[in-house]
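Below is entry30.cif, holding mmCIF, C-alpha atoms.
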```
data_coords
#
loop_
_atom_site.label_atom_id
_atom_site.label_comp_id
_atom_site.auth_asym_id
_atom_site.auth_seq_id
_atom_site.Cartn_x
_atom_site.Cartn_y
_atom_site.Cartn_z
CA MET A 214 193.10 103.04 131.60
CA THR A 215 192.97 105.75 134.25
CA SER A 216 191.72 109.25 133.51
CA THR A 217 194.11 112.19 133.75
CA GLN A 218 192.76 114.49 136.46
CA TYR A 219 193.85 118.08 136.01
CA SER A 220 194.41 120.33 139.01
CA ASP A 221 191.69 122.64 137.72
CA GLY A 222 189.09 119.87 137.96
CA ARG A 223 188.94 118.73 134.35
CA GLN A 224 189.05 115.02 133.55
CA GLU A 225 190.58 113.98 130.26
CA THR A 226 188.60 110.77 129.77
CA ARG A 227 185.20 112.42 129.97
CA VAL A 228 186.30 115.07 127.45
CA GLU A 229 187.50 112.32 125.10
CA ASN A 230 184.27 110.36 125.55
CA TYR A 231 181.89 113.27 124.99
CA THR A 232 181.31 112.87 121.25
CA LYS A 233 180.82 109.10 121.66
CA PHE A 234 177.36 109.73 123.15
CA TRP A 235 176.11 110.52 119.62
CA GLN A 236 176.09 108.66 116.32
CA LYS A 237 178.61 110.02 113.80
CA ASP A 238 175.67 110.46 111.44
CA LEU A 239 173.13 112.45 113.46
CA GLY A 240 170.44 111.37 111.03
CA LYS A 241 170.78 107.83 112.41
CA GLU A 242 170.12 108.80 116.04
CA GLY A 243 167.58 106.55 117.74
CA GLU A 244 165.64 106.38 120.98
CA ALA A 245 168.31 104.17 122.56
CA ASP A 246 170.89 106.92 121.97
CA ASN A 247 168.60 109.49 123.58
CA GLN A 248 167.98 107.27 126.57
CA ASN A 249 171.68 106.59 127.06
CA ARG A 250 172.41 110.34 127.18
CA VAL A 251 169.53 111.02 129.56
CA GLU A 252 170.72 108.30 131.94
CA SER A 253 174.32 109.56 131.69
CA TYR A 254 173.47 113.26 131.80
CA THR A 255 176.18 114.07 134.36
CA ASP A 256 178.93 112.59 132.16
CA VAL A 257 177.49 114.22 129.04
CA VAL A 258 177.33 117.69 130.58
CA ASN A 259 180.66 117.51 132.42
CA GLY A 260 182.48 116.11 129.39
CA TYR A 261 181.14 118.95 127.31
CA TYR A 262 181.97 121.75 129.72
CA ASP A 263 185.41 120.38 130.60
CA GLY A 264 186.18 120.81 126.92
CA ALA A 265 184.06 123.82 125.99
CA THR A 266 184.31 126.27 128.90
CA GLU A 267 187.49 128.05 127.82
CA LEU A 268 186.20 128.13 124.25
CA TYR A 269 183.01 129.78 125.48
CA GLU A 270 184.96 132.40 127.40
CA TYR A 271 187.18 133.11 124.40
CA GLY A 272 184.41 133.20 121.81
CA TRP A 273 181.55 134.63 123.86
CA ALA A 274 181.94 135.98 127.40
CA GLN A 275 181.65 134.90 131.04
CA SER A 276 177.87 134.82 130.62
CA PHE A 277 177.09 131.67 128.65
CA HIS A 278 173.73 132.64 127.17
CA PHE A 279 172.01 134.37 124.28
CA SER A 280 170.14 137.67 124.39
CA ARG A 281 168.02 140.04 122.37
CA PHE A 282 169.64 143.00 120.63
CA TYR A 283 168.61 146.55 119.97
CA LYS A 284 170.05 148.22 116.88
CA GLY A 285 173.52 149.50 117.77
CA GLU A 286 173.64 147.71 121.13
CA ALA A 287 177.00 146.30 122.20
CA PHE A 288 177.25 142.55 122.71
CA VAL A 289 178.17 142.66 126.41
CA ALA A 290 175.50 145.30 127.08
CA SER A 291 172.90 143.00 125.55
CA LEU A 292 173.97 140.10 127.77
CA ALA A 293 173.72 142.28 130.88
CA ARG A 294 170.31 143.66 129.85
CA HIS A 295 169.00 140.11 129.38
CA GLU A 296 170.05 139.31 132.95
CA HIS A 297 168.61 142.55 134.31
CA TYR A 298 165.32 141.86 132.55
CA LEU A 299 165.00 138.47 134.23
CA SER A 300 165.82 139.99 137.60
CA ALA A 301 163.23 142.73 137.11
CA GLN A 302 160.55 140.32 135.93
CA MET A 303 161.18 138.19 139.03
CA GLY A 304 160.95 141.20 141.32
CA LEU A 305 164.28 140.53 143.04
CA ARG A 306 164.87 142.84 146.00
CA PRO A 307 167.90 143.72 148.17
CA GLY A 308 168.81 141.08 150.72
CA MET A 309 167.01 138.16 149.08
CA ARG A 310 168.72 134.78 149.13
CA VAL A 311 168.75 133.56 145.54
CA LEU A 312 169.84 130.30 143.90
CA ASP A 313 171.36 130.28 140.41
CA VAL A 314 170.78 126.78 139.01
CA GLY A 315 173.55 125.89 136.55
CA CYS A 316 175.64 129.01 137.09
CA GLY A 317 178.48 128.44 134.61
CA VAL A 318 181.50 130.56 135.57
CA GLY A 319 179.25 132.97 137.44
CA GLY A 320 178.83 135.82 134.94
CA PRO A 321 175.05 136.23 135.41
CA ALA A 322 175.29 135.73 139.19
CA ARG A 323 177.78 138.56 139.54
CA GLU A 324 175.77 140.85 137.25
CA ILE A 325 172.44 140.17 138.99
CA ALA A 326 174.03 140.50 142.45
CA ARG A 327 175.23 143.99 141.52
CA PHE A 328 171.98 144.95 139.78
CA ALA A 329 169.50 143.74 142.41
CA ASP A 330 171.71 143.77 145.53
CA VAL A 331 170.81 140.17 146.35
CA ASN A 332 172.86 137.33 147.81
CA ILE A 333 173.38 134.53 145.31
CA VAL A 334 174.44 130.90 145.61
CA GLY A 335 175.55 129.53 142.26
CA LEU A 336 175.10 125.78 141.79
CA ASN A 337 177.25 123.86 139.35
CA ASN A 338 178.23 120.20 139.00
CA ASN A 339 181.46 120.97 137.12
CA ASP A 340 184.61 121.46 139.20
CA PHE A 341 186.45 123.34 136.45
CA GLN A 342 183.72 125.95 136.11
CA ILE A 343 183.36 126.36 139.88
CA GLN A 344 187.07 127.10 140.26
CA ARG A 345 186.88 129.74 137.56
CA ALA A 346 183.65 131.20 139.00
CA ARG A 347 185.27 131.65 142.40
CA LYS A 348 188.38 133.22 140.89
CA TYR A 349 186.40 135.76 138.85
CA THR A 350 184.10 136.54 141.78
CA LYS A 351 187.00 137.22 144.11
CA LYS A 352 188.58 139.46 141.48
CA ALA A 353 185.28 141.37 141.25
CA GLY A 354 185.21 141.80 145.05
CA LEU A 355 181.87 140.00 145.34
CA GLU A 356 182.91 136.92 147.32
CA ASN A 357 180.81 138.05 150.31
CA GLN A 358 177.71 138.39 148.14
CA VAL A 359 178.10 135.57 145.60
CA SER A 360 179.18 132.03 146.52
CA PHE A 361 179.29 128.73 144.66
CA ALA A 362 178.44 125.15 145.54
CA LYS A 363 179.07 121.91 143.71
CA GLY A 364 175.95 119.81 143.35
CA ASP A 365 173.40 118.05 141.17
CA PHE A 366 170.34 120.12 140.27
CA MET A 367 168.27 116.94 140.44
CA LYS A 368 169.04 116.78 144.19
CA LEU A 369 168.62 120.39 145.33
CA SER A 370 166.45 119.67 148.37
CA GLU A 371 168.90 117.03 149.55
CA GLN A 372 171.74 119.55 149.41
CA PHE A 373 170.08 122.77 150.59
CA GLY A 374 166.95 121.62 152.43
CA GLU A 375 163.39 122.62 151.62
CA ASN A 376 162.15 126.23 151.81
CA SER A 377 165.71 127.62 151.66
CA PHE A 378 165.60 130.38 149.03
CA ASP A 379 163.51 133.47 148.40
CA ALA A 380 164.01 133.10 144.66
CA VAL A 381 165.57 130.72 142.13
CA TYR A 382 166.55 131.38 138.54
CA ALA A 383 168.05 129.32 135.71
CA ILE A 384 169.49 130.83 132.54
CA GLU A 385 169.69 128.32 129.68
CA ALA A 386 170.76 125.61 132.12
CA THR A 387 167.86 123.31 132.99
CA VAL A 388 167.77 122.05 129.40
CA HIS A 389 170.67 119.84 130.54
CA ALA A 390 168.42 118.04 133.03
CA PRO A 391 167.25 114.49 132.25
CA THR A 392 163.66 115.67 132.81
CA TRP A 393 162.15 119.11 133.29
CA GLU A 394 159.66 117.78 135.77
CA GLY A 395 162.49 116.46 137.92
CA VAL A 396 164.55 119.67 138.04
CA TYR A 397 161.53 121.98 138.34
CA GLY A 398 160.23 119.80 141.16
CA GLU A 399 163.51 120.22 143.04
CA ILE A 400 163.40 123.98 142.49
CA MET A 401 159.88 124.03 143.88
CA LYS A 402 161.08 122.24 147.03
CA VAL A 403 163.94 124.61 147.85
CA LEU A 404 161.86 127.73 147.30
CA LYS A 405 160.19 129.30 150.32
CA PRO A 406 156.37 129.46 150.20
CA GLY A 407 155.44 132.32 147.89
CA GLY A 408 158.91 132.27 146.33
CA VAL A 409 159.55 133.07 142.66
CA PHE A 410 161.26 131.01 139.95
CA GLY A 411 162.43 132.65 136.75
CA VAL A 412 163.86 130.78 133.78
CA TYR A 413 165.16 131.29 130.27
CA GLU A 414 164.64 127.84 128.78
CA TRP A 415 166.04 126.24 125.64
CA CYS A 416 163.21 124.54 123.73
CA MET A 417 162.16 123.34 120.35
CA THR A 418 159.19 125.55 119.57
CA ASP A 419 155.65 124.29 119.11
CA THR A 420 156.25 124.52 115.34
CA TRP A 421 158.84 121.75 115.63
CA ASP A 422 157.55 118.29 114.73
CA ALA A 423 159.53 115.24 115.89
CA SER A 424 157.92 113.15 113.13
CA ILE A 425 159.68 115.23 110.46
CA PRO A 426 163.21 113.81 109.93
CA ALA A 427 164.79 117.20 109.20
CA HIS A 428 163.30 118.64 112.41
CA LYS A 429 164.56 115.68 114.43
CA GLU A 430 168.04 115.94 112.95
CA LEU A 431 168.14 119.66 113.79
CA ALA A 432 167.32 118.86 117.42
CA HIS A 433 170.10 116.25 117.54
CA ALA A 434 172.60 118.74 116.09
CA ILE A 435 171.69 121.24 118.82
CA GLU A 436 172.10 118.49 121.44
CA PHE A 437 175.46 117.35 120.08
CA GLY A 438 176.91 120.82 119.85
CA ASN A 439 175.76 121.98 123.29
CA GLY A 440 176.08 119.05 125.70
CA ILE A 441 172.34 118.45 125.93
CA PRO A 442 171.02 114.92 126.57
CA GLU A 443 167.69 115.56 124.85
CA MET A 444 165.98 118.59 123.31
CA ARG A 445 162.27 118.86 124.11
CA PRO A 446 159.35 121.01 122.90
CA LEU A 447 158.30 124.19 124.70
CA LYS A 448 154.89 122.83 125.66
CA GLN A 449 156.61 120.16 127.78
CA ALA A 450 158.39 122.84 129.79
CA ARG A 451 155.11 124.62 130.46
CA GLU A 452 153.38 121.36 131.37
CA ALA A 453 156.22 120.37 133.74
CA MET A 454 156.06 123.69 135.61
CA VAL A 455 152.36 123.34 136.19
CA LYS A 456 152.58 119.65 137.08
CA VAL A 457 155.06 120.23 139.93
CA GLY A 458 152.79 122.92 141.38
CA PHE A 459 154.00 126.25 140.02
CA SER A 460 151.63 129.03 139.05
CA ILE A 461 152.91 130.66 135.85
CA GLU A 462 152.52 134.41 136.26
CA HIS A 463 154.13 135.38 132.96
CA GLU A 464 155.47 133.51 129.96
CA GLU A 465 156.78 134.57 126.59
CA ASP A 466 159.13 133.33 123.91
CA LEU A 467 161.33 136.40 123.59
CA ALA A 468 162.71 135.08 120.30
CA GLU A 469 159.27 135.85 118.83
CA ARG A 470 159.76 139.59 119.37
CA PRO A 471 160.08 141.42 116.02
CA ASP A 472 163.67 142.48 116.63
CA GLU A 473 165.57 144.01 113.72
CA VAL A 474 168.75 142.32 114.97
CA PRO A 475 168.16 138.60 115.64
CA TRP A 476 169.46 136.90 118.79
CA TYR A 477 171.65 134.53 116.74
CA TYR A 478 173.48 137.17 114.68
CA PRO A 479 176.88 136.76 116.45
CA LEU A 480 176.91 133.09 115.42
CA GLU A 481 176.58 133.96 111.73
CA GLY A 482 180.16 135.22 111.62
CA ASP A 483 179.35 138.21 109.40
CA ILE A 484 181.41 141.14 110.70
CA TRP A 485 179.31 143.56 108.65
CA LYS A 486 176.44 142.82 111.02
CA ALA A 487 178.47 143.72 114.15
CA GLN A 488 176.62 146.39 116.13
CA THR A 489 179.75 148.12 117.48
CA ALA A 490 183.39 148.29 116.39
CA TRP A 491 184.53 146.10 119.28
CA ASP A 492 181.91 143.49 118.43
CA CYS A 493 183.63 142.96 115.07
CA PHE A 494 186.17 140.81 116.92
CA THR A 495 183.45 138.82 118.69
CA VAL A 496 181.66 138.15 115.41
CA TRP A 497 184.92 137.42 113.55
CA ARG A 498 185.69 134.59 115.96
CA MET A 499 182.56 132.84 114.61
CA SER A 500 183.53 133.41 110.96
CA TRP A 501 185.22 130.69 108.87
CA SER A 502 188.62 132.38 109.28
CA GLY A 503 188.10 132.93 113.01
CA LYS A 504 187.17 129.29 113.50
CA LEU A 505 190.18 128.18 111.44
CA VAL A 506 192.57 130.18 113.60
CA SER A 507 191.09 129.16 116.95
CA HIS A 508 190.57 125.48 116.12
CA THR A 509 194.07 125.14 114.65
CA ALA A 510 195.45 126.61 117.86
CA ILE A 511 193.36 124.18 119.92
CA LYS A 512 194.68 121.24 117.91
CA PHE A 513 198.32 122.20 118.54
CA MET A 514 197.69 122.91 122.23
CA GLU A 515 196.09 119.48 122.59
CA ILE A 516 199.06 117.81 120.87
CA LEU A 517 201.42 119.65 123.24
CA GLY A 518 199.40 118.46 126.26
CA LEU A 519 198.24 121.96 127.20
CA LEU A 520 194.60 120.92 126.78
CA PRO A 521 192.87 117.62 127.61
CA LYS A 522 192.62 115.11 124.76
CA GLY A 523 189.23 115.46 123.13
CA THR A 524 189.08 119.27 123.46
CA TYR A 525 189.52 119.66 119.70
CA ASP A 526 186.59 117.30 119.05
CA VAL A 527 184.41 119.24 121.50
CA GLY A 528 185.46 122.38 119.65
CA GLU A 529 184.39 120.80 116.39
CA SER A 530 181.00 120.05 117.93
CA LEU A 531 180.66 123.78 118.62
CA LYS A 532 180.82 124.38 114.87
CA VAL A 533 177.86 122.02 114.48
CA ALA A 534 176.13 123.91 117.28
CA ALA A 535 176.56 127.31 115.66
CA ASP A 536 175.12 126.17 112.34
CA ALA A 537 172.22 124.34 113.99
CA LEU A 538 171.33 127.24 116.29
CA VAL A 539 171.32 129.74 113.43
CA LYS A 540 169.14 127.41 111.38
CA GLY A 541 166.85 126.83 114.37
CA GLY A 542 166.51 130.57 114.89
CA GLN A 543 165.90 131.36 111.22
CA THR A 544 163.23 128.65 110.88
CA LYS A 545 161.67 129.46 114.28
CA LEU A 546 162.01 125.79 115.26
CA PHE A 547 164.21 126.58 118.29
CA THR A 548 164.33 129.21 121.00
CA PRO A 549 166.96 129.83 123.70
CA MET A 550 164.74 132.32 125.52
CA TYR A 551 161.39 130.93 126.54
CA LEU A 552 160.83 133.13 129.58
CA ALA A 553 158.65 131.90 132.41
CA ILE A 554 158.06 133.59 135.76
CA CYS A 555 156.54 131.10 138.20
CA ARG A 556 155.32 131.30 141.80
CA LYS A 557 155.31 128.68 144.52
CA PRO A 558 152.01 128.72 146.45
CA ALA A 559 152.22 130.72 149.67
CA PHE A 560 150.58 127.87 151.52
CA SER A 561 150.97 124.10 151.40
CA GLU A 562 148.11 121.90 150.30
CA SER A 563 147.70 119.38 153.10
#
```
Please express the file's structure as structure tokens.
Amino acid sequence: MTSTQYSDGRQETRVENYTKFWQKDLGKEGEADNQNRVESYTDVVNGYYDGATELYEYGWAQSFHFSRFYKGEAFVASLARHEHYLSAQMGLRPGMRVLDVGCGVGGPAREIARFADVNIVGLNNNDFQIQRARKYTKKAGLENQVSFAKGDFMKLSEQFGENSFDAVYAIEATVHAPTWEGVYGEIMKVLKPGGVFGVYEWCMTDTWDASIPAHKELAHAIEFGNGIPEMRPLKQAREAMVKVGFSIEHEEDLAERPDEVPWYYPLEGDIWKAQTAWDCFTVWRMSWSGKLVSHTAIKFMEILGLLPKGTYDVGESLKVAADALVKGGQTKLFTPMYLAICRKPAFSES
């Protein structure tokens, strides 16, 4: 059976096959299931984003990441501030050539390009997202400052050559890699000597214990609902950075800040917690009634052939994701914002 290839880059078969990478009962997940996803990470991630991208844009924004909130801060302002903070911590300066690893539809790249006046190349392995990123960037008038390339972040040096960028950042993207050591090693290669790497990483915190069944099931639920081959503990991210040769100049789990408004509040679906009037709509979309409306619409659009088969199932996985992420945030077992600012040595050891 051949896969329907849409003109926008989506492939129906990989959307349909996405949920098949997990056991129906996440409590029965085993090492063989993990290994299969890790080995098939490209299919896992592309199947997920072929089905989830438009849902993300509808329910969230063009910046597919979480952020901290100040009391009374608008949702979109918080997203932008999170991106500005990373840029400032990295010390980005006008004219730098910067790589965005796992750029989504380009929301952060456009925001950081404006904020820091840098030139950004966004890397993505999903054709559908790249098309949308280019469309939005042209509409914003930034096509001469922000460009996009299709590629595998496990093969960066092969695509761009070594010592090619002044800086590299990744916002909640490298969690999709089969190994952190592999993707961080590639980032190290494409950075110029003395270059900076900044990352917001998704991790299970050091409180998480894989030997506890409930902890393990939570990690699998986060994986299933977010297109992630394997969730890993924070200490492994730190170890991988150091192992490939980075010097960590600053690190912090921003989710540990004593914020009055938690990072996961939009996922709770409680409109009374919305920080501005407009955010009521954003939060409502994550409520039971908002999910009912949107997922019913998705089902009918799929039946009518307006969406690839399997989109509804991917949408259902997002419900699992929301519940798991809220639980992970409340129990402090998961963070989407382990911040690390790393430096490549200014000289080679030879």
Worksheet entry | Proximity to Lys402 (chain A) - best of A:Leu369, A:Ala245, A:Met417, A:Ala427, only C-alpha atoms | A:Leu369
Discussion item. I'd like to know which of A:Ile554, A:Leu268, A:Leu546, A:Val228 is closest to Ile425 (chain A), using all atoms listed in the file.
Written reply: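 Checking each of A:Ile554, A:Leu268, A:Leu546, A:Val228 against Ile425 (chain A), counting all atoms listed in the file, the winner is A:Leu546.
Closest to Val388 (chain A) among A:Val539, A:Val527, A:Ala322, A:Val258 is A:Val258, based on only C-alpha atoms.
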Can you pull out every residue within 8 Å of region 348-365 of chain A, counting only C-alpha atoms, but drop anything in the same chain fewer than 3 positions away, and send it as an mmCIF file with C-alpha atoms, keeping the file's coordinate frame?
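File result.cif, as written:
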```
data_model
loop_
_atom_site.group_PDB
_atom_site.id
_atom_site.type_symbol
_atom_site.label_atom_id
_atom_site.label_comp_id
_atom_site.auth_asym_id
_atom_site.auth_seq_id
_atom_site.Cartn_x
_atom_site.Cartn_y
_atom_site.Cartn_z
ATOM 1 C CA VAL A 318 181.500 130.560 135.570
ATOM 2 C CA GLY A 319 179.250 132.970 137.440
ATOM 3 C CA ALA A 322 175.290 135.730 139.190
ATOM 4 C CA ARG A 323 177.780 138.560 139.540
ATOM 5 C CA ALA A 326 174.030 140.500 142.450
ATOM 6 C CA VAL A 331 170.810 140.170 146.350
ATOM 7 C CA ASN A 332 172.860 137.330 147.810
ATOM 8 C CA ILE A 333 173.380 134.530 145.310
ATOM 9 C CA VAL A 334 174.440 130.900 145.610
ATOM 10 C CA GLY A 335 175.550 129.530 142.260
ATOM 11 C CA LEU A 336 175.100 125.780 141.790
ATOM 12 C CA ASN A 337 177.250 123.860 139.350
ATOM 13 C CA ASN A 338 178.230 120.200 139.000
ATOM 14 C CA ASN A 339 181.460 120.970 137.120
ATOM 15 C CA ASP A 340 184.610 121.460 139.200
ATOM 16 C CA ILE A 343 183.360 126.360 139.880
ATOM 17 C CA GLN A 344 187.070 127.100 140.260
ATOM 18 C CA ARG A 345 186.880 129.740 137.560
ATOM 19 C CA LYS A 368 169.040 116.780 144.190
ATOM 20 C CA LEU A 369 168.620 120.390 145.330
ATOM 21 C CA GLN A 372 171.740 119.550 149.410
#
```
Worksheet item: Any idea what the distance is between CA of Gln342 (chain A) and CA of Asp263 (chain A)?
Response: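 Spanning CA of Gln342 (chain A) to CA of Asp263 (chain A) is a straight-line distance of 8.0 Å.
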8 Å contact set for region 299-304 of chain A, all atoms listed in the file, chain neighbours under 5 positions out, as a JSON list (two decimals) with C-alpha atoms, keeping the file's coordinate frame:
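Result file is around14.json:
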```
[["chain", "number", "residue", "atom", "x", "y", "z"],
["A", 325, "ILE", "CA", 172.44, 140.17, 138.99],
["A", 329, "ALA", "CA", 169.50, 143.74, 142.41],
["A", 409, "VAL", "CA", 159.55, 133.07, 142.66],
["A", 410, "PHE", "CA", 161.26, 131.01, 139.95],
["A", 411, "GLY", "CA", 162.43, 132.65, 136.75],
["A", 412, "VAL", "CA", 163.86, 130.78, 133.78],
["A", 554, "ILE", "CA", 158.06, 133.59, 135.76]]
```
Practice prompt. Give the answer as one residue: which of A:Phe328, A:Tyr261, A:Tyr254, A:Trp497 has the shortest atom-to-atom distance to Glu229 (chain A), using all atoms listed in the file?
Written response: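 Looking at the shortest contact to Glu229 (chain A), the residue is A:Tyr261.
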